[in-house]
Each structure stands twice: as C-alpha cells, then as structure tokens.
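Below: start.txt (compact mmCIF, C-alpha atoms)
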# COMPACT_ATOMS: atom_id res chain seq x y z
CA GLY A 29 -9.10 -13.62 8.99
CA ASN A 30 -10.04 -13.10 5.36
CA ASP A 31 -9.81 -14.97 2.10
CA ASN A 32 -6.31 -13.55 1.49
CA ASP A 33 -4.76 -15.17 4.56
CA GLN A 34 -3.62 -18.37 2.83
CA LEU A 35 -2.84 -16.94 -0.60
CA LEU A 36 0.30 -15.81 -2.41
CA ALA A 37 0.37 -13.71 -5.56
CA SER A 38 2.99 -13.12 -8.23
CA GLY A 39 3.27 -11.16 -11.47
CA ASP A 40 5.51 -11.55 -14.51
CA THR A 41 7.03 -9.52 -17.32
CA LYS A 42 4.49 -10.87 -19.80
CA GLY A 43 1.64 -9.26 -17.87
CA GLY A 44 0.43 -12.36 -16.08
CA VAL A 45 -0.83 -12.45 -12.49
CA CYS A 46 -0.99 -15.78 -10.65
CA VAL A 47 -2.56 -16.52 -7.27
CA TRP A 48 -1.33 -19.52 -5.31
CA GLY A 49 -2.76 -21.37 -2.34
CA PHE A 50 -0.20 -21.38 0.46
CA ASP A 51 -0.51 -25.15 0.86
CA GLU A 52 -0.94 -25.88 -2.85
CA ASP A 53 1.69 -26.54 -5.50
CA TYR A 54 -0.36 -25.12 -8.36
CA CYS A 55 -1.83 -21.78 -9.42
CA VAL A 56 -5.44 -21.51 -8.23
CA ASN A 57 -6.27 -18.58 -10.52
CA SER A 58 -4.55 -16.41 -13.09
CA TRP A 59 -5.28 -13.54 -15.46
CA ARG A 60 -3.48 -10.93 -17.56
CA HIS A 61 -2.94 -7.32 -16.52
CA GLY A 62 -1.65 -6.10 -19.88
CA GLY A 63 1.81 -4.55 -19.45
CA SER A 64 4.58 -6.17 -17.44
CA VAL A 65 3.52 -6.54 -13.80
CA THR A 66 5.84 -4.72 -11.39
CA ALA A 67 4.01 -5.17 -8.05
CA VAL A 68 1.01 -6.91 -6.51
CA CYS A 69 -0.79 -6.18 -3.25
CA PHE A 70 -3.68 -7.99 -1.56
CA LEU A 71 -6.41 -5.69 -0.28
CA PRO A 72 -7.97 -6.16 3.19
CA THR A 73 -11.50 -6.85 1.92
CA ARG A 74 -13.67 -9.64 3.28
CA ASN A 75 -13.57 -11.41 -0.10
CA ALA A 76 -10.17 -11.79 -1.71
CA SER A 77 -9.14 -8.90 -3.96
CA LEU A 78 -5.80 -7.74 -5.29
CA ALA A 79 -4.12 -4.72 -6.88
CA SER A 80 -1.51 -5.06 -9.62
CA ALA A 81 0.83 -2.32 -10.89
CA SER A 82 2.38 -2.33 -14.33
CA THR A 83 4.68 -0.77 -16.88
CA ASP A 84 1.54 0.41 -18.71
CA GLY A 85 1.12 3.13 -16.06
CA ALA A 86 -2.09 1.69 -14.63
CA VAL A 87 -2.97 -0.06 -11.39
CA LYS A 88 -5.82 -2.54 -11.65
CA ILE A 89 -8.04 -4.06 -8.97
CA TRP A 90 -9.14 -7.68 -9.35
CA SER A 91 -11.43 -10.21 -7.76
CA VAL A 92 -9.11 -13.06 -6.82
CA THR A 93 -11.94 -15.62 -6.91
CA THR A 94 -13.18 -14.82 -10.40
CA GLY A 95 -10.23 -13.01 -12.00
CA VAL A 96 -12.62 -10.22 -13.01
CA GLN A 97 -11.14 -6.72 -13.25
CA LEU A 98 -13.07 -4.44 -10.90
CA ALA A 99 -11.33 -1.09 -11.33
CA THR A 100 -8.53 0.78 -13.06
CA LEU A 101 -6.53 3.46 -11.23
CA LYS A 102 -5.42 6.04 -13.79
CA GLY A 103 -3.23 9.05 -13.06
CA HIS A 104 0.41 8.06 -13.45
CA THR A 105 2.09 9.10 -16.69
CA ASP A 106 4.80 6.42 -16.70
CA VAL A 107 5.67 3.04 -15.21
CA VAL A 108 4.14 2.28 -11.80
CA TRP A 109 6.56 0.31 -9.63
CA HIS A 110 4.88 0.28 -6.25
CA VAL A 111 1.47 -0.17 -4.66
CA GLU A 112 0.92 -0.05 -0.89
CA CYS A 113 -2.24 -0.38 1.20
CA PHE A 114 -2.67 1.65 4.39
CA VAL A 115 -5.03 -0.42 6.52
CA SER A 116 -5.23 2.18 9.28
CA LEU A 117 -6.60 4.76 6.81
CA SER A 118 -9.09 2.34 5.30
CA ASN A 119 -12.61 1.67 6.53
CA GLU A 120 -15.78 -0.21 5.63
CA THR A 121 -16.44 2.01 2.61
CA GLU A 122 -13.01 2.50 1.00
CA ILE A 123 -9.46 1.20 0.81
CA PHE A 124 -6.58 3.70 1.04
CA LEU A 125 -3.84 2.90 -1.48
CA VAL A 126 -0.57 4.60 -2.39
CA THR A 127 1.20 4.09 -5.71
CA ALA A 128 4.49 5.44 -7.06
CA GLY A 129 6.77 5.09 -10.05
CA ARG A 130 8.91 6.60 -12.75
CA ASP A 131 6.90 9.81 -13.16
CA ALA A 132 8.48 11.09 -9.89
CA THR A 133 5.17 11.11 -8.00
CA ALA A 134 3.36 9.13 -5.35
CA ARG A 135 -0.41 9.13 -5.63
CA THR A 136 -3.07 8.27 -3.07
CA TRP A 137 -6.36 6.58 -3.90
CA ALA A 138 -9.68 5.94 -2.18
CA VAL A 139 -10.89 2.65 -3.64
CA PRO A 140 -14.61 2.21 -2.81
CA ILE A 141 -15.95 -1.03 -1.38
CA SER A 142 -19.50 -1.91 -0.35
CA ARG A 143 -20.95 -3.49 2.74
CA ALA A 144 -21.65 -7.18 2.44
CA ASN A 145 -25.23 -8.14 1.63
CA ALA A 146 -26.89 -9.86 4.56
CA ASN A 147 -29.81 -12.23 4.70
CA ALA A 148 -32.56 -12.29 7.30
CA ASN A 149 -30.30 -14.13 9.72
CA GLY A 150 -27.57 -11.46 9.39
CA GLU A 151 -25.31 -13.81 7.45
CA SER A 152 -23.33 -12.58 4.49
CA THR A 153 -24.50 -13.75 1.08
CA PRO A 154 -22.08 -14.62 -1.72
CA PRO A 155 -20.94 -11.59 -3.72
CA GLY A 156 -21.30 -11.14 -7.45
CA ASN A 157 -24.79 -12.62 -7.82
CA GLY A 158 -26.04 -10.25 -10.50
CA PRO A 159 -25.70 -6.59 -11.43
CA GLY A 160 -25.15 -4.07 -8.68
CA THR A 161 -23.79 -6.54 -6.13
CA ASP A 162 -20.36 -6.36 -4.55
CA ASN A 163 -17.78 -8.46 -6.35
CA GLY A 164 -14.92 -9.12 -3.95
CA ASN A 165 -16.63 -6.56 -1.67
CA PHE A 166 -15.88 -3.89 -4.29
CA LYS A 167 -18.59 -1.42 -5.22
CA ARG A 168 -19.37 -0.92 -8.88
CA PRO A 169 -22.68 -0.24 -10.61
CA ASP A 170 -22.74 -3.34 -12.81
CA THR A 171 -20.61 -6.24 -13.97
CA SER A 172 -20.03 -5.06 -17.54
CA ALA A 173 -16.96 -2.83 -17.18
CA PRO A 174 -14.34 -1.88 -14.57
CA VAL A 175 -14.68 1.42 -12.75
CA THR A 176 -12.03 4.04 -13.61
CA LEU A 177 -10.70 5.92 -10.56
CA THR A 178 -8.61 9.10 -10.36
CA PRO A 179 -6.11 9.95 -7.60
CA LYS A 180 -7.24 11.36 -4.29
CA SER A 181 -3.99 13.36 -4.13
CA THR A 182 -0.59 13.59 -5.81
CA LEU A 183 2.58 13.84 -3.73
CA ARG A 184 5.37 15.70 -5.55
CA GLY A 185 8.66 15.78 -3.70
CA HIS A 186 11.23 14.39 -6.13
CA GLY A 187 13.04 15.49 -9.25
CA ASP A 188 13.33 11.95 -10.55
CA ALA A 189 11.67 8.54 -10.31
CA VAL A 190 10.40 7.11 -7.01
CA LEU A 191 12.40 3.92 -6.55
CA GLY A 192 10.95 2.69 -3.25
CA LEU A 193 8.22 3.12 -0.66
CA ALA A 194 8.07 2.46 3.07
CA ALA A 195 4.98 2.64 5.29
CA TRP A 196 4.74 3.26 9.05
CA GLU A 197 1.44 2.53 10.75
CA PRO A 198 1.64 2.67 14.56
CA CYS A 199 -1.58 0.70 14.92
CA ARG A 200 -0.68 -2.00 12.37
CA GLY A 201 0.26 -4.44 15.12
CA ASN A 202 -3.39 -5.47 15.25
CA LYS A 203 -3.92 -6.44 11.65
CA GLY A 204 -7.53 -6.48 10.58
CA THR A 205 -9.88 -7.21 7.74
CA ILE A 206 -12.47 -4.82 6.43
CA LYS A 207 -15.66 -6.77 6.93
CA GLY A 208 -18.23 -4.16 5.94
CA THR A 209 -19.47 -3.87 9.51
CA ASN A 210 -18.74 -1.76 12.55
CA ALA A 211 -16.02 -4.27 13.32
CA ALA A 212 -14.02 -3.02 10.35
CA LEU A 213 -10.23 -3.37 10.59
CA GLY A 214 -10.51 -5.57 13.66
CA HIS A 215 -10.99 -2.50 15.87
CA PHE A 216 -7.43 -1.21 15.65
CA SER A 217 -5.97 0.08 18.90
CA ARG A 218 -4.78 3.39 17.52
CA THR A 219 -1.66 4.53 19.33
CA LYS A 220 -1.91 8.03 20.76
CA ASN A 221 0.64 10.80 21.07
CA THR A 222 1.44 11.14 24.76
CA ILE A 223 1.51 14.95 24.51
CA THR A 224 -1.54 15.73 22.37
CA ASP A 225 -3.55 12.54 23.06
CA GLU A 226 -4.20 12.36 19.32
CA PRO A 227 -3.72 9.17 17.24
CA GLU A 228 -0.24 8.90 15.76
CA PRO A 229 -0.55 9.56 12.00
CA PRO A 230 0.63 6.94 9.50
CA LEU A 231 3.75 7.95 7.58
CA LEU A 232 4.96 7.25 4.06
CA ALA A 233 8.59 7.44 2.90
CA THR A 234 9.31 7.86 -0.81
CA CYS A 235 12.82 7.01 -2.05
CA GLY A 236 13.97 9.01 -5.04
CA ALA A 237 16.43 8.44 -7.85
CA ASP A 238 17.46 12.01 -7.00
CA GLY A 239 19.13 10.72 -3.80
CA VAL A 240 16.46 12.15 -1.47
CA VAL A 241 13.97 10.46 0.84
CA VAL A 242 10.78 12.40 1.60
CA VAL A 243 8.68 11.44 4.63
CA TRP A 244 4.99 12.32 4.32
CA ARG A 245 2.04 12.44 6.65
CA VAL A 246 0.18 10.38 4.11
CA ALA A 247 -3.40 11.17 5.20
CA ASP A 248 -3.13 14.85 4.23
CA GLY A 249 0.00 14.89 2.05
CA GLN A 250 2.05 17.10 4.36
CA ILE A 251 5.85 16.70 4.30
CA VAL A 252 7.26 15.70 7.68
CA SER A 253 10.93 15.80 6.69
CA THR A 254 13.29 15.61 3.72
CA LEU A 255 16.29 13.32 4.18
CA ALA A 256 19.19 14.49 2.03
CA GLY A 257 22.67 12.98 2.21
CA HIS A 258 22.88 10.05 -0.18
CA LYS A 259 25.05 10.67 -3.25
CA ASN A 260 23.00 8.53 -5.59
CA GLY A 261 19.52 7.12 -5.98
CA VAL A 262 17.87 5.71 -2.86
CA LEU A 263 16.73 2.17 -3.54
CA CYS A 264 14.92 1.21 -0.35
CA ALA A 265 13.83 2.34 3.11
CA GLN A 266 12.51 0.72 6.27
CA PHE A 267 11.02 2.26 9.39
CA VAL A 268 12.56 0.55 12.42
CA ASP A 269 11.45 -0.15 15.97
CA TRP A 270 14.54 -0.56 18.12
CA SER A 271 12.78 0.53 21.29
CA GLY A 272 9.96 -2.01 21.06
CA ASP A 273 7.51 0.90 20.89
CA LEU A 274 6.37 1.99 17.42
CA SER A 275 4.26 4.70 19.05
CA LYS A 276 7.22 6.82 20.11
CA GLN A 277 7.07 10.29 18.68
CA ASN A 278 10.50 10.21 17.02
CA PRO A 279 10.75 7.08 14.86
CA ARG A 280 13.86 6.06 12.93
CA ILE A 281 14.22 5.04 9.32
CA VAL A 282 17.03 3.13 7.56
CA THR A 283 17.77 3.83 3.89
CA GLY A 284 19.93 2.08 1.30
CA SER A 285 21.36 3.71 -1.81
CA ALA A 286 23.23 3.09 -5.02
CA ASP A 287 26.06 5.10 -3.41
CA HIS A 288 26.86 1.89 -1.44
CA ALA A 289 25.82 3.51 1.88
CA VAL A 290 23.19 2.63 4.46
CA ARG A 291 22.02 5.57 6.56
CA VAL A 292 19.97 5.81 9.75
CA TRP A 293 17.81 8.91 10.21
CA CYS A 294 15.64 10.60 12.77
CA VAL A 295 12.35 10.91 10.91
CA ILE A 296 11.05 14.05 12.60
CA SER A 297 14.22 16.17 12.58
CA GLY A 298 15.67 14.75 9.35
CA VAL A 299 19.07 14.36 11.04
CA CYS A 300 21.31 11.51 9.87
CA LEU A 301 22.29 9.48 12.95
CA GLY A 302 24.80 7.17 11.30
CA VAL A 303 26.31 5.96 8.04
CA MET A 304 27.48 2.43 7.20
CA TRP A 305 29.91 2.15 4.28
CA ASP A 306 30.76 -1.56 4.51
CA HIS A 307 29.15 -2.49 1.18
CA GLY A 308 31.24 -2.43 -1.96
CA ALA A 309 28.21 -2.25 -4.24
CA PRO A 310 24.64 -0.88 -4.14
Can I see the file as structure tokens?
Amino acid sequence: GNDNDQLLASGDTKGGVCVWGFDEDYCVNSWRHGGSVTAVCFLPTRNASLASASTDGAVKIWSVTTGVQLATLKGHTDVVWHVECFVSLSNETEIFLVTAGRDATARTWAVPISRANANANGESTPPGNGPGTDNGNFKRPDTSAPVTLTPKSTLRGHGDAVLGLAAWEPCRGNKGTIKGTNAALGHFSRTKNTITDEPEPPLLATCGADGVVVVWRVADGQIVSTLAGHKNGVLCAQFVDWSGDLSKQNPRIVTGSADHAVRVWCVISGVCLGVMWDHGAP
C-alpha cells in the first residue's frame, strides 16, 4: 500500500483542507487552499499527496506530510467542482488527472512525479531533503515555489456547467500505487477487448447542467457517445457492472437528474434502456 491507505481528507467553505488518520480522532495535518474547497482527491504516489479543487478556479497539489503546496493546475475560468485521478493512465513519471466545473469544460492534466531516490542498498530515502528532491514523490526544481501546470487537453461537450463526473477503468480492480519503479501501479492486469485483443480504454462521463451526459475515451479526448433524454441538469452518473465483468465491450451507465428521473443507458450506442420516475424530487 501507500501512505494514503489509512488517511481521510476533507475541505471546507473557508478554504481549509484537513487530513485525518483513519484510526485517529484528530486532524493530523491541515492547510489552506485559498477559495472554498469543493473536492479533494488523494494521488497514488508512494508518499502521500493530495489534490484540492476550489471556487477560485484552481486545483492545487499538496504534500500531505508537510502541507507544502507542490503545484497549481491553472486552466479553468470558473469554479472547479471535481477532480478525478485515472490510475490506469498514470505511470512512474506522471499522474493523469481530470477536472471539471462551471466553465462547461473537463480538462486533463499530466502531473509529473519523480522516481524515488535510492541508496546503495536500493532502499528509498526520505523525500524533501533539500532542493531538487522529490517532495511527496512530486518533481519540481526547488522548494521555493509551486510549479504551475497547464492542461494536457480540454474536453468541450456541454453548453453549461459540468455538474458531475464518473470514471470507468476496466483494470481498476487491481488497485496500485505508483512507486517510481517498474512495479508501478501494482502491475495492473489490463483487460483486453476480445475482438481486437487491445486493452479496454478508460472512459469518462461528464454530466451537464444542459441535461446531457457525454462519454469520452479520456486518453485521447474522443467522444464515445452523447446521452440525451433528461429534461433538466444531470447531477450524477455511475458506470455499473451487473454482469460481474467490467471488461465487457458494452458497459452500462446510470444517471440521475434534476428532472426527478433515473435513466439507464448503453454507453456505446447511447440508447436509453430504462427510465425510473419514482422520485418526487431531484
């Protein structure tokens, strides 16, 4: 495992971020993001690190151990509500993140990390011991200022804010930690398409206030399908595995909307398979 395994994180409307030990009843570290914190996400680095999103339009990367800000992700022009890590698209040199918010876009990021320093016995040495070392396994040239990163790509598929994200990673069943070695990600068993023998690509669903859900092949930003049918903003989505096999080539997704409806969709064809109207409120 990694240093994140026994930690919980929370953010508040005053801009505070707190990290809690799972077995502790007190905050083990805290710091301030700036604007109100809307989402937090641990990153799968060997040493504990965390991303926080905010109403100030920025996503910031932090060392959990020291509370030091390591990077700022700048590109959104309005509130950022979501941050999601795709472990299957990450490796020993970078973390693949997706963010989304009120500017109607989702943006992908390649957050650089560095290999752990090793001593003569091949053992990892503590990070952050002087300029140029890896703090929380994150690569930056010195310890004086955070690195500013720009988006790898921008996904534009909505006419209004992105209210929710959902991720589908066929290989995520074998969760791993990026250790800065050839054993990165715990050697995921990437599920293959039975027709092409190629690894199944991770998918991202973005839920729009425009009532549309767009499913993306997140690695290259290609649209897989557009799910249109809700009469109001879509608040949430979840990929589902009713067959017990997340590798099947035609996954399903369930969406919930402010129109009081829950819909089930075929991801590939975009066909709505069923509608549940039993709720009397969003």
I'd like the neighbourhood of Leu231 of chain A as a ChimeraX atom specification, where a residue qualifies if any of its atoms comes within 6 Å (using only C-alpha atoms), though same-chain residues fewer than 5 positions away should be ignored. /A:195-196,244-246
Please provide as a short mmCIF file (atom, residue, chain, number, x, y, z; two decimals) with C-alpha atoms, in the frame of the given file all residues within 9 Å of Ser82 of chain A, with the sequence filter that same-chain residues fewer than 6 positions apart are discarded (counting all atoms listed in the file).
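Writing done, so here's part39.cif:
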data_model
loop_
_atom_site.label_atom_id
_atom_site.label_comp_id
_atom_site.auth_asym_id
_atom_site.auth_seq_id
_atom_site.Cartn_x
_atom_site.Cartn_y
_atom_site.Cartn_z
CA GLY A 43 1.64 -9.26 -17.87
CA HIS A 61 -2.94 -7.32 -16.52
CA GLY A 62 -1.65 -6.10 -19.88
CA GLY A 63 1.81 -4.55 -19.45
CA SER A 64 4.58 -6.17 -17.44
CA VAL A 65 3.52 -6.54 -13.80
CA THR A 66 5.84 -4.72 -11.39
CA ALA A 67 4.01 -5.17 -8.05
CA LYS A 88 -5.82 -2.54 -11.65
CA VAL A 107 5.67 3.04 -15.21
CA VAL A 108 4.14 2.28 -11.80
CA TRP A 109 6.56 0.31 -9.63
CA HIS A 110 4.88 0.28 -6.25
#
In Å, how far is it from atom CA of Val139 of chain A to atom CA of Glu120 of chain A?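 So the two atoms, atom CA of Val139 of chain A and atom CA of Glu120 of chain A, lie 10.9 Å apart.
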**Item:** Who sits within 6 Å of Val241 of chain A, all atoms listed in the file, same chain under 4 positions skipped, as a list in words
**Value:**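 With the cut-off at 6 Å, the set is Thr234, Cys235, Thr254 and Leu255 of chain A.
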key: Nearest residue to Gly85 of chain A from the set A:Ser38, A:Thr283, A:Thr105, A:Thr136 (distances using only C-alpha atoms)   =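 Looking only at the distances to Gly85 of chain A, the closest residue turns out to be A:Thr105.
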In terms of all atoms listed in the file, the residue from A:Asp269, A:Thr100, A:Gly261, A:Ser253 at minimal distance from Val175 of chain A is A:Thr100
Separating atom CA of Ser91 of chain A from atom CA of Ser116 of chain A, to the nearest tenth of an Å, is a gap of 22.0 Å
